[in-house]
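A.B. asks: Have a look at this one before I ask anything.
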Amino acid sequence: ARFRRRARAAAIAVPSPCARRSVFVIVNPHAGSGDGRVVYEDVVKPMLDRGGVVHAVAFTAGPGHARIICEEVVTGRHDVDNVPFDCIVSVSGDGLLHECLNGVMHAKPRMALAIVPAGSGNGVAETLYGRGSDAVVAMRAILSGARREVDVLAMQPVSPAAGCLPIYDLHFFCWAVFADHDHLVEGPLRWIGPLAKLALAPLVVIARRRCYTGIVDFSPRPTVAETLY
């Protein structure tokens with residue numbers, strides 16, 4: 001109900017036509033507490049319709065599905081009435097955005113990527129739109145056509161096997177107890193809900209008292225001269 005009221009008020013203020021021409025929306029229906037579909041139907045779709053933005057939507061069926069969809073969208077296999085999409089919108093938390101990013105980065109040409117927060121952890125959305133921002137705030141930014149450059153991390157084995165593609169991320173890379181925490185939050189404890197899992201996961205990690213040792217080496221990025229010669 002809160003989303004509906006805010007989205008209805010925000011949709012009235014959306015200029016028509018707006019800066020965006022066409023977008024492809026990818027929704028994780030299980031994001032957060034299962035809010036992905038609600039956020040799409042109550043916020044995203046009404047604001048796109050009000051702005052006169054052509055859009056198509058796909059609901060993910062499982063892990064890895066979003067990456068495949070994004071590769072197909074970027075290469076034009078989902079165009080509507082021969083109108084190419086100029087942006088992919090992920091309605092989700094940070095996990096689905098990671099899949100979308102890899103789909104976009106592995107395809108050519110690349111396409112703008114945006115996120116509408118609907119997960120239990122929305123770190124990227126809060127970085128882009130501000131602390132405590134919600135789906136309405138995100139949609140206003142997306143419809144305005146504003147772009148923001150972000151740093152993207154690429155990871156690949158030192159000696160990759162044939163056909164091994166790099167893994168891209170734009171949130172953060174974690175290891176050791178931080179990785180244990182994220183695994184619990186996104187895996188075994190996911191079923192208990194967003195608030196309970198975030199409260200319980202740190203206690204489980206502390207109780208395990210696991211220790212990790214390792215060496216992390218950073219290779220400096222080649223300069224222009226080194227790249228050319």
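Numbering starts fresh at 1 for the residues of each chain in the structure tokens, the chains themselves are lettered A, B, ... in the order given, and ligands are numbered from 1 as they appear.
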Taking 2 positions as the minimum chain separation for residues in the same chain, which residues sit within 10 Å of stretch 195-203 of chain A when counting only C-alpha atoms? Answer as a list in words.

C.D. replies: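 So, after excluding close chain neighbours, the residues are Gly32, Ser33, Ser120, Gly121, Val177, Phe178, Asp180, His181, Asp182, His183, Leu184, Val185, Glu186, Gly187, Pro188, Leu189, Arg190, Trp191, Ile192, Gly193, Val205, Ile206, Ala207 and Arg208 of chain A.
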
A.B. asks: With only C-alpha atoms as the counted atoms, please give the residues lying no more than 8 Å from A:Leu165, apart from itself and same-chain residues fewer than 2 positions off, as a list of chain:residue names.

C.D. replies: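 Final neighbour list, sorted by chain and number: A:Gln156, A:Gly163, A:Ile167.
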
A.B. asks: The selected residues should be written to file as a PDB file, in the first residue's frame (atoms: C-alpha atoms).

C.D. replies:
```
ATOM      1  CA  GLN A 156      40.002 -14.433 -13.632  1.00  0.00           C
ATOM      2  CA  GLY A 163      36.806 -20.688 -22.657  1.00  0.00           C
ATOM      3  CA  ILE A 167      33.710 -12.751 -13.552  1.00  0.00           C
TER       4      ILE A 167
END
```

A.B. asks: What parts of stretch 109-229 of chain A does DSSP call alpha helix (DSSP H)? I'd like the answer as an MDAnalysis selection string.

C.D. replies: chainID A and resid 123:129 135:143 177:186 194:208 224:228

A.B. asks: Which is closer to A:Val43 than all the others in A:Ala118, A:Ala179, A:Cys174, A:Val124, using only C-alpha atoms?

C.D. replies: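 Of the candidates, the smallest distance to A:Val43 is held by A:Ala118.
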
A.B. asks: Determine, counting only C-alpha atoms, which protein, DNA and RNA residues have an atom within 8 Å of an atom of A:Pro117; residues of the same chain fewer than 4 positions away are not included. Present the result as a VMD selection string.

C.D. replies: chain A and resid 91 to 93 122 125 134 to 135 138

A.B. asks: Of the candidates A:Val137, A:Ile142, A:Met105, A:His98, which one gets nearest to A:Phe172 if we count only C-alpha atoms?

C.D. replies: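 With only C-alpha atoms as the atom set, the closest residue is A:His98.
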
A.B. asks: What's the separation between atom CA of A:Pro109 and atom CA of A:Val27, in Å to one decimal place?

C.D. replies: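 So the two atoms, atom CA of A:Pro109 and atom CA of A:Val27, lie 22.5 Å apart.
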
A.B. asks: Please provide the set of residues having any atom within 10 Å of A:Tyr40, restricted to only C-alpha atoms, with same-chain residues fewer than 4 positions apart removed, written as a compact mmCIF listing (two decimals) with N, CA and C atoms, in the first residue's frame.

C.D. replies:
```txt
# COMPACT_ATOMS: atom_id res chain seq x y z
N VAL A 25 13.05 -4.91 -18.39
CA VAL A 25 13.00 -5.10 -16.94
C VAL A 25 13.17 -6.57 -16.60
N ILE A 26 14.10 -6.86 -15.70
CA ILE A 26 14.30 -8.22 -15.22
C ILE A 26 13.97 -8.25 -13.73
N VAL A 27 13.05 -9.11 -13.35
CA VAL A 27 12.54 -9.15 -11.98
C VAL A 27 12.88 -10.48 -11.33
N ASN A 28 13.43 -10.41 -10.14
CA ASN A 28 13.59 -11.60 -9.32
C ASN A 28 12.38 -11.67 -8.39
N PRO A 29 11.40 -12.56 -8.67
CA PRO A 29 10.19 -12.59 -7.86
C PRO A 29 10.43 -13.02 -6.42
N ASP A 35 9.37 -9.65 -2.64
CA ASP A 35 8.78 -8.36 -3.01
C ASP A 35 9.02 -7.96 -4.46
N GLY A 36 9.81 -8.75 -5.20
CA GLY A 36 10.17 -8.34 -6.55
C GLY A 36 8.98 -8.07 -7.45
N VAL A 44 7.31 0.07 -10.68
CA VAL A 44 8.06 0.15 -11.94
C VAL A 44 7.13 0.28 -13.14
N LYS A 45 6.18 -0.63 -13.29
CA LYS A 45 5.30 -0.61 -14.46
C LYS A 45 4.47 0.67 -14.55
N PRO A 46 3.81 1.12 -13.46
CA PRO A 46 3.03 2.37 -13.56
C PRO A 46 3.88 3.58 -13.95
N MET A 47 5.08 3.68 -13.44
CA MET A 47 5.92 4.83 -13.75
C MET A 47 6.45 4.76 -15.19
N VAL A 57 9.25 -7.24 -19.91
CA VAL A 57 9.64 -7.74 -18.59
C VAL A 57 9.85 -9.24 -18.64
N VAL A 91 15.20 -5.43 -11.14
CA VAL A 91 14.35 -5.23 -9.95
C VAL A 91 14.69 -6.35 -8.98
N SER A 92 15.55 -6.04 -8.02
CA SER A 92 16.12 -7.11 -7.22
C SER A 92 16.99 -6.53 -6.11
N VAL A 116 16.58 -1.29 -9.46
CA VAL A 116 15.49 -0.84 -8.60
C VAL A 116 15.52 -1.75 -7.38
N ALA A 118 14.89 -4.16 -4.43
CA ALA A 118 13.78 -5.00 -3.98
C ALA A 118 14.28 -6.15 -3.11
N ALA A 135 12.29 2.08 -4.25
CA ALA A 135 12.03 1.86 -5.67
C ALA A 135 11.56 3.13 -6.37
```

A.B. asks: Nearest to A:Val54 among A:Val38, A:Ala66, A:Val74, A:Val23, with distances taken over only C-alpha atoms: which residue is it?

C.D. replies: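 That would be A:Val23, the residue with the smallest distance to A:Val54.
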
A.B. asks: If you run DSSP over the backbone, which residues in chain A end up strand (DSSP E)? Put them as a count of residues only.

C.D. replies: 30

A.B. asks: Hey, can you check how far atom CA of A:Ala107 sits from atom CA of A:Gly76?

C.D. replies: 10.7 Å
